[in-house]
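A.B. asks: So here's work.cif (mmCIF, N, CA and C atoms).
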```cif
data_query
loop_
_atom_site.label_atom_id
_atom_site.label_comp_id
_atom_site.auth_asym_id
_atom_site.auth_seq_id
_atom_site.Cartn_x
_atom_site.Cartn_y
_atom_site.Cartn_z
N MET A 19 -10.95 -8.46 -7.41
CA MET A 19 -10.58 -7.08 -7.17
C MET A 19 -9.29 -7.04 -6.37
N ASP A 20 -8.41 -6.15 -6.73
CA ASP A 20 -7.17 -5.94 -5.99
C ASP A 20 -7.18 -4.54 -5.39
N VAL A 21 -6.30 -4.34 -4.41
CA VAL A 21 -6.16 -3.05 -3.75
C VAL A 21 -4.78 -2.51 -4.07
N PHE A 22 -4.71 -1.25 -4.47
CA PHE A 22 -3.43 -0.59 -4.70
C PHE A 22 -3.17 0.35 -3.53
N TYR A 23 -2.04 0.15 -2.86
CA TYR A 23 -1.72 0.88 -1.64
C TYR A 23 -0.49 1.75 -1.88
N TYR A 24 -0.68 3.07 -1.83
CA TYR A 24 0.44 4.00 -1.95
C TYR A 24 1.06 4.14 -0.57
N TRP A 25 2.26 3.60 -0.40
CA TRP A 25 2.94 3.56 0.90
C TRP A 25 3.71 4.86 1.08
N LYS A 26 3.02 5.86 1.63
CA LYS A 26 3.55 7.20 1.71
C LYS A 26 4.77 7.30 2.63
N GLU A 27 4.77 6.63 3.76
CA GLU A 27 5.87 6.73 4.73
C GLU A 27 6.78 5.50 4.70
N PHE A 28 7.05 4.95 3.53
CA PHE A 28 7.82 3.72 3.42
C PHE A 28 9.19 3.83 4.08
N GLU A 29 9.98 4.84 3.72
CA GLU A 29 11.34 4.97 4.27
C GLU A 29 11.31 5.14 5.78
N GLU A 30 10.39 5.93 6.28
CA GLU A 30 10.24 6.13 7.73
C GLU A 30 9.86 4.81 8.42
N ASN A 31 8.95 4.06 7.82
CA ASN A 31 8.54 2.77 8.39
C ASN A 31 9.69 1.77 8.41
N VAL A 32 10.54 1.78 7.39
CA VAL A 32 11.71 0.89 7.37
C VAL A 32 12.65 1.24 8.51
N LYS A 33 12.90 2.53 8.71
CA LYS A 33 13.78 2.97 9.80
C LYS A 33 13.25 2.56 11.16
N LYS A 34 11.92 2.57 11.32
CA LYS A 34 11.29 2.21 12.60
C LYS A 34 10.98 0.72 12.71
N ASP A 35 11.48 -0.08 11.74
CA ASP A 35 11.27 -1.53 11.72
C ASP A 35 9.77 -1.88 11.75
N MET A 36 9.01 -1.19 10.93
CA MET A 36 7.56 -1.41 10.87
C MET A 36 7.14 -2.06 9.56
N LEU A 37 8.01 -2.88 8.98
CA LEU A 37 7.65 -3.57 7.75
C LEU A 37 6.56 -4.59 8.04
N GLY A 38 5.68 -4.77 7.07
CA GLY A 38 4.58 -5.72 7.23
C GLY A 38 3.36 -5.11 7.87
N ARG A 39 3.40 -3.83 8.14
CA ARG A 39 2.26 -3.14 8.75
C ARG A 39 1.81 -2.02 7.83
N PHE A 40 0.53 -1.97 7.60
CA PHE A 40 -0.04 -0.91 6.80
C PHE A 40 -0.95 -0.08 7.68
N VAL A 41 -0.81 1.22 7.57
CA VAL A 41 -1.65 2.11 8.34
C VAL A 41 -2.76 2.63 7.43
N SER A 42 -3.99 2.48 7.88
CA SER A 42 -5.12 2.96 7.12
C SER A 42 -6.21 3.37 8.09
N SER A 43 -7.07 4.25 7.65
CA SER A 43 -8.17 4.68 8.51
C SER A 43 -9.25 3.60 8.54
N ARG A 44 -10.00 3.58 9.60
CA ARG A 44 -11.11 2.63 9.73
C ARG A 44 -12.11 2.82 8.60
N GLU A 45 -12.30 4.08 8.19
CA GLU A 45 -13.24 4.37 7.10
C GLU A 45 -12.79 3.73 5.79
N GLN A 46 -11.49 3.81 5.51
CA GLN A 46 -10.96 3.22 4.29
C GLN A 46 -11.13 1.70 4.32
N LEU A 47 -10.84 1.08 5.45
CA LEU A 47 -10.98 -0.37 5.56
C LEU A 47 -12.44 -0.80 5.46
N GLN A 48 -13.35 0.00 5.99
CA GLN A 48 -14.77 -0.34 5.91
C GLN A 48 -15.26 -0.31 4.46
N LYS A 49 -14.64 0.50 3.62
CA LYS A 49 -15.01 0.54 2.20
C LYS A 49 -14.71 -0.80 1.53
N LEU A 50 -13.71 -1.51 2.04
CA LEU A 50 -13.32 -2.80 1.44
C LEU A 50 -14.08 -3.98 2.04
N GLU A 51 -14.76 -3.75 3.16
CA GLU A 51 -15.46 -4.82 3.84
C GLU A 51 -16.49 -5.47 2.91
N GLY A 52 -16.45 -6.77 2.85
CA GLY A 52 -17.40 -7.51 2.02
C GLY A 52 -16.98 -7.65 0.58
N ARG A 53 -15.94 -6.96 0.16
CA ARG A 53 -15.49 -7.05 -1.23
C ARG A 53 -14.46 -8.16 -1.42
N ASP A 54 -13.83 -8.60 -0.33
CA ASP A 54 -12.83 -9.66 -0.36
C ASP A 54 -11.80 -9.49 -1.48
N PRO A 55 -10.94 -8.48 -1.35
CA PRO A 55 -9.89 -8.31 -2.37
C PRO A 55 -8.99 -9.55 -2.43
N ASP A 56 -8.37 -9.78 -3.56
CA ASP A 56 -7.44 -10.89 -3.69
C ASP A 56 -6.05 -10.52 -3.19
N TYR A 57 -5.55 -9.39 -3.64
CA TYR A 57 -4.20 -8.97 -3.29
C TYR A 57 -4.13 -7.49 -2.95
N ILE A 58 -3.10 -7.13 -2.20
CA ILE A 58 -2.74 -5.74 -1.96
C ILE A 58 -1.42 -5.52 -2.71
N TRP A 59 -1.38 -4.53 -3.58
CA TRP A 59 -0.17 -4.16 -4.30
C TRP A 59 0.36 -2.89 -3.65
N ALA A 60 1.51 -2.96 -2.99
CA ALA A 60 2.08 -1.81 -2.32
C ALA A 60 3.14 -1.17 -3.21
N PHE A 61 3.06 0.14 -3.38
CA PHE A 61 4.02 0.84 -4.24
C PHE A 61 4.36 2.19 -3.67
N ILE A 62 5.46 2.75 -4.17
CA ILE A 62 5.87 4.11 -3.82
C ILE A 62 6.17 4.86 -5.12
N ILE A 63 6.26 6.17 -5.01
CA ILE A 63 6.77 6.99 -6.09
C ILE A 63 8.19 7.35 -5.67
N PRO A 64 9.21 6.89 -6.42
CA PRO A 64 10.60 7.14 -6.02
C PRO A 64 10.90 8.64 -5.92
N LYS A 65 11.88 8.97 -5.06
CA LYS A 65 12.29 10.37 -4.91
C LYS A 65 12.69 10.93 -6.26
N GLY A 66 12.32 12.17 -6.46
CA GLY A 66 12.61 12.81 -7.73
C GLY A 66 11.49 12.70 -8.75
N PHE A 67 10.51 11.85 -8.47
CA PHE A 67 9.38 11.68 -9.39
C PHE A 67 8.06 12.12 -8.77
N GLY A 68 8.10 12.61 -7.54
CA GLY A 68 6.87 12.96 -6.82
C GLY A 68 6.07 14.07 -7.46
N GLY A 69 6.75 15.01 -8.11
CA GLY A 69 6.04 16.12 -8.72
C GLY A 69 5.43 15.78 -10.06
N GLN A 70 5.59 14.56 -10.53
CA GLN A 70 5.12 14.20 -11.86
C GLN A 70 3.81 13.43 -11.83
N ARG A 71 3.16 13.36 -10.69
CA ARG A 71 1.89 12.62 -10.63
C ARG A 71 0.92 13.12 -11.67
N GLY A 72 0.26 12.21 -12.30
CA GLY A 72 -0.72 12.58 -13.30
C GLY A 72 -0.15 12.64 -14.70
N LYS A 73 1.18 12.66 -14.82
CA LYS A 73 1.80 12.66 -16.14
C LYS A 73 1.98 11.23 -16.61
N SER A 74 2.01 11.04 -17.89
CA SER A 74 2.10 9.69 -18.43
C SER A 74 3.45 9.04 -18.16
N ASP A 75 4.48 9.83 -17.84
CA ASP A 75 5.79 9.25 -17.60
C ASP A 75 6.08 9.09 -16.09
N CYS A 76 5.07 9.15 -15.26
CA CYS A 76 5.24 8.98 -13.81
C CYS A 76 5.78 7.59 -13.52
N LYS A 77 6.75 7.50 -12.64
CA LYS A 77 7.37 6.22 -12.29
C LYS A 77 6.82 5.71 -10.96
N LEU A 78 6.45 4.45 -10.93
CA LEU A 78 6.04 3.79 -9.70
C LEU A 78 7.02 2.68 -9.42
N LYS A 79 7.25 2.41 -8.14
CA LYS A 79 8.10 1.30 -7.76
C LYS A 79 7.26 0.33 -6.95
N LEU A 80 7.10 -0.87 -7.47
CA LEU A 80 6.33 -1.90 -6.78
C LEU A 80 7.16 -2.47 -5.64
N LEU A 81 6.60 -2.48 -4.43
CA LEU A 81 7.30 -2.99 -3.26
C LEU A 81 6.87 -4.40 -2.91
N ALA A 82 5.59 -4.69 -3.07
CA ALA A 82 5.10 -6.00 -2.64
C ALA A 82 3.74 -6.30 -3.25
N ARG A 83 3.47 -7.59 -3.37
CA ARG A 83 2.13 -8.08 -3.67
C ARG A 83 1.80 -9.03 -2.53
N LEU A 84 0.79 -8.68 -1.78
CA LEU A 84 0.43 -9.43 -0.57
C LEU A 84 -0.94 -10.04 -0.71
N LYS A 85 -1.12 -11.21 -0.20
CA LYS A 85 -2.43 -11.87 -0.18
C LYS A 85 -3.28 -11.21 0.87
N TRP A 86 -4.50 -10.84 0.52
CA TRP A 86 -5.44 -10.22 1.45
C TRP A 86 -5.94 -11.24 2.46
N SER A 87 -6.07 -10.81 3.71
CA SER A 87 -6.62 -11.67 4.75
C SER A 87 -7.40 -10.81 5.74
N ASP A 88 -8.58 -11.30 6.13
CA ASP A 88 -9.37 -10.59 7.13
C ASP A 88 -8.94 -10.94 8.55
N THR A 89 -8.12 -11.95 8.67
CA THR A 89 -7.65 -12.40 10.00
C THR A 89 -6.13 -12.36 10.05
N PRO A 90 -5.56 -12.07 11.21
CA PRO A 90 -4.09 -12.06 11.30
C PRO A 90 -3.52 -13.46 11.13
N PRO A 91 -2.33 -13.56 10.56
CA PRO A 91 -1.73 -14.89 10.40
C PRO A 91 -1.35 -15.47 11.76
N PRO A 92 -1.23 -16.80 11.84
CA PRO A 92 -0.88 -17.42 13.13
C PRO A 92 0.55 -17.10 13.54
#
```
Produce C-alpha cells that represent the structure in this file.

C.D. replies:
Amino acid sequence: MDVFYYWKEFEENVKKDMLGRFVSSREQLQKLEGRDPDYIWAFIIPKGFGGQRGKSDCKLKLLARLKWSDTPPP
C-alpha cells in the first residue's frame, strides 16, 4: 500500500525552508498505523489547474516519492 499526499502548502513550506516535513493530523496518521505503507507520493495541483479537480484532464505534479518509516532517520 502506498500513501498519496496532497501537499497543500508546498510553496509556503519552501519559503519557510520546511522541506522534508509533512504536516498531518494525529487522526490521519493513526489511520495508517499498522498498515506499513511502502511509499509516500507527494504531489501538488499546479496553479491554474486548481478549479479542475474531478475532471479527467486535471493535472498533478509529482514532487517526491519517499520511503515510509515509523522512526526518524539517524

A.B. asks: For this file, the PyMOL selection byres (((chain A and resi 19-31 and name CA) around 7) and name CA) selects which residues, as a ChimeraX atom specification?

C.D. replies: /A:32-37,55-62

A.B. asks: When you draw a straight line from atom N of A:Leu84 to atom CA of A:Asp54, how long is it in Å?

C.D. replies: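 One can read the atom N of A:Leu84 to atom CA of A:Asp54 distance as 13.7 Å.
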
A.B. asks: Quick one, how far is atom CA of A:Glu45 from atom CA of A:Ser87?

C.D. replies: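 Taking atom CA of A:Glu45 and atom CA of A:Ser87, their separation equals 17.5 Å.
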
A.B. asks: Taking every listed atom of stretch 28-35 of chain A and adding 3 Å to each side, what centre and edge lengths in Å (one decimal) does the axis-aligned box have, as JSON?

C.D. replies:
```
{"center_x": 10.4, "center_y": 2.1, "center_z": 8.1, "size_x": 12.7, "size_y": 14.0, "size_z": 15.3}
```

A.B. asks: Would you return as a list of chain:residue names the members of stretch 23-67 of chain A that DSSP assigns to alpha helix (DSSP H) on this structure's backbone?

C.D. replies: A:Phe28, A:Glu29, A:Glu30, A:Asn31, A:Val32, A:Lys33, A:Arg44, A:Glu45, A:Gln46, A:Leu47, A:Gln48, A:Lys49, A:Leu50

A.B. asks: Suppose you want the space between atom N of A:Leu80 and atom CA of A:Pro64; what is it in Å?

C.D. replies: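 The value is 8.9 Å.
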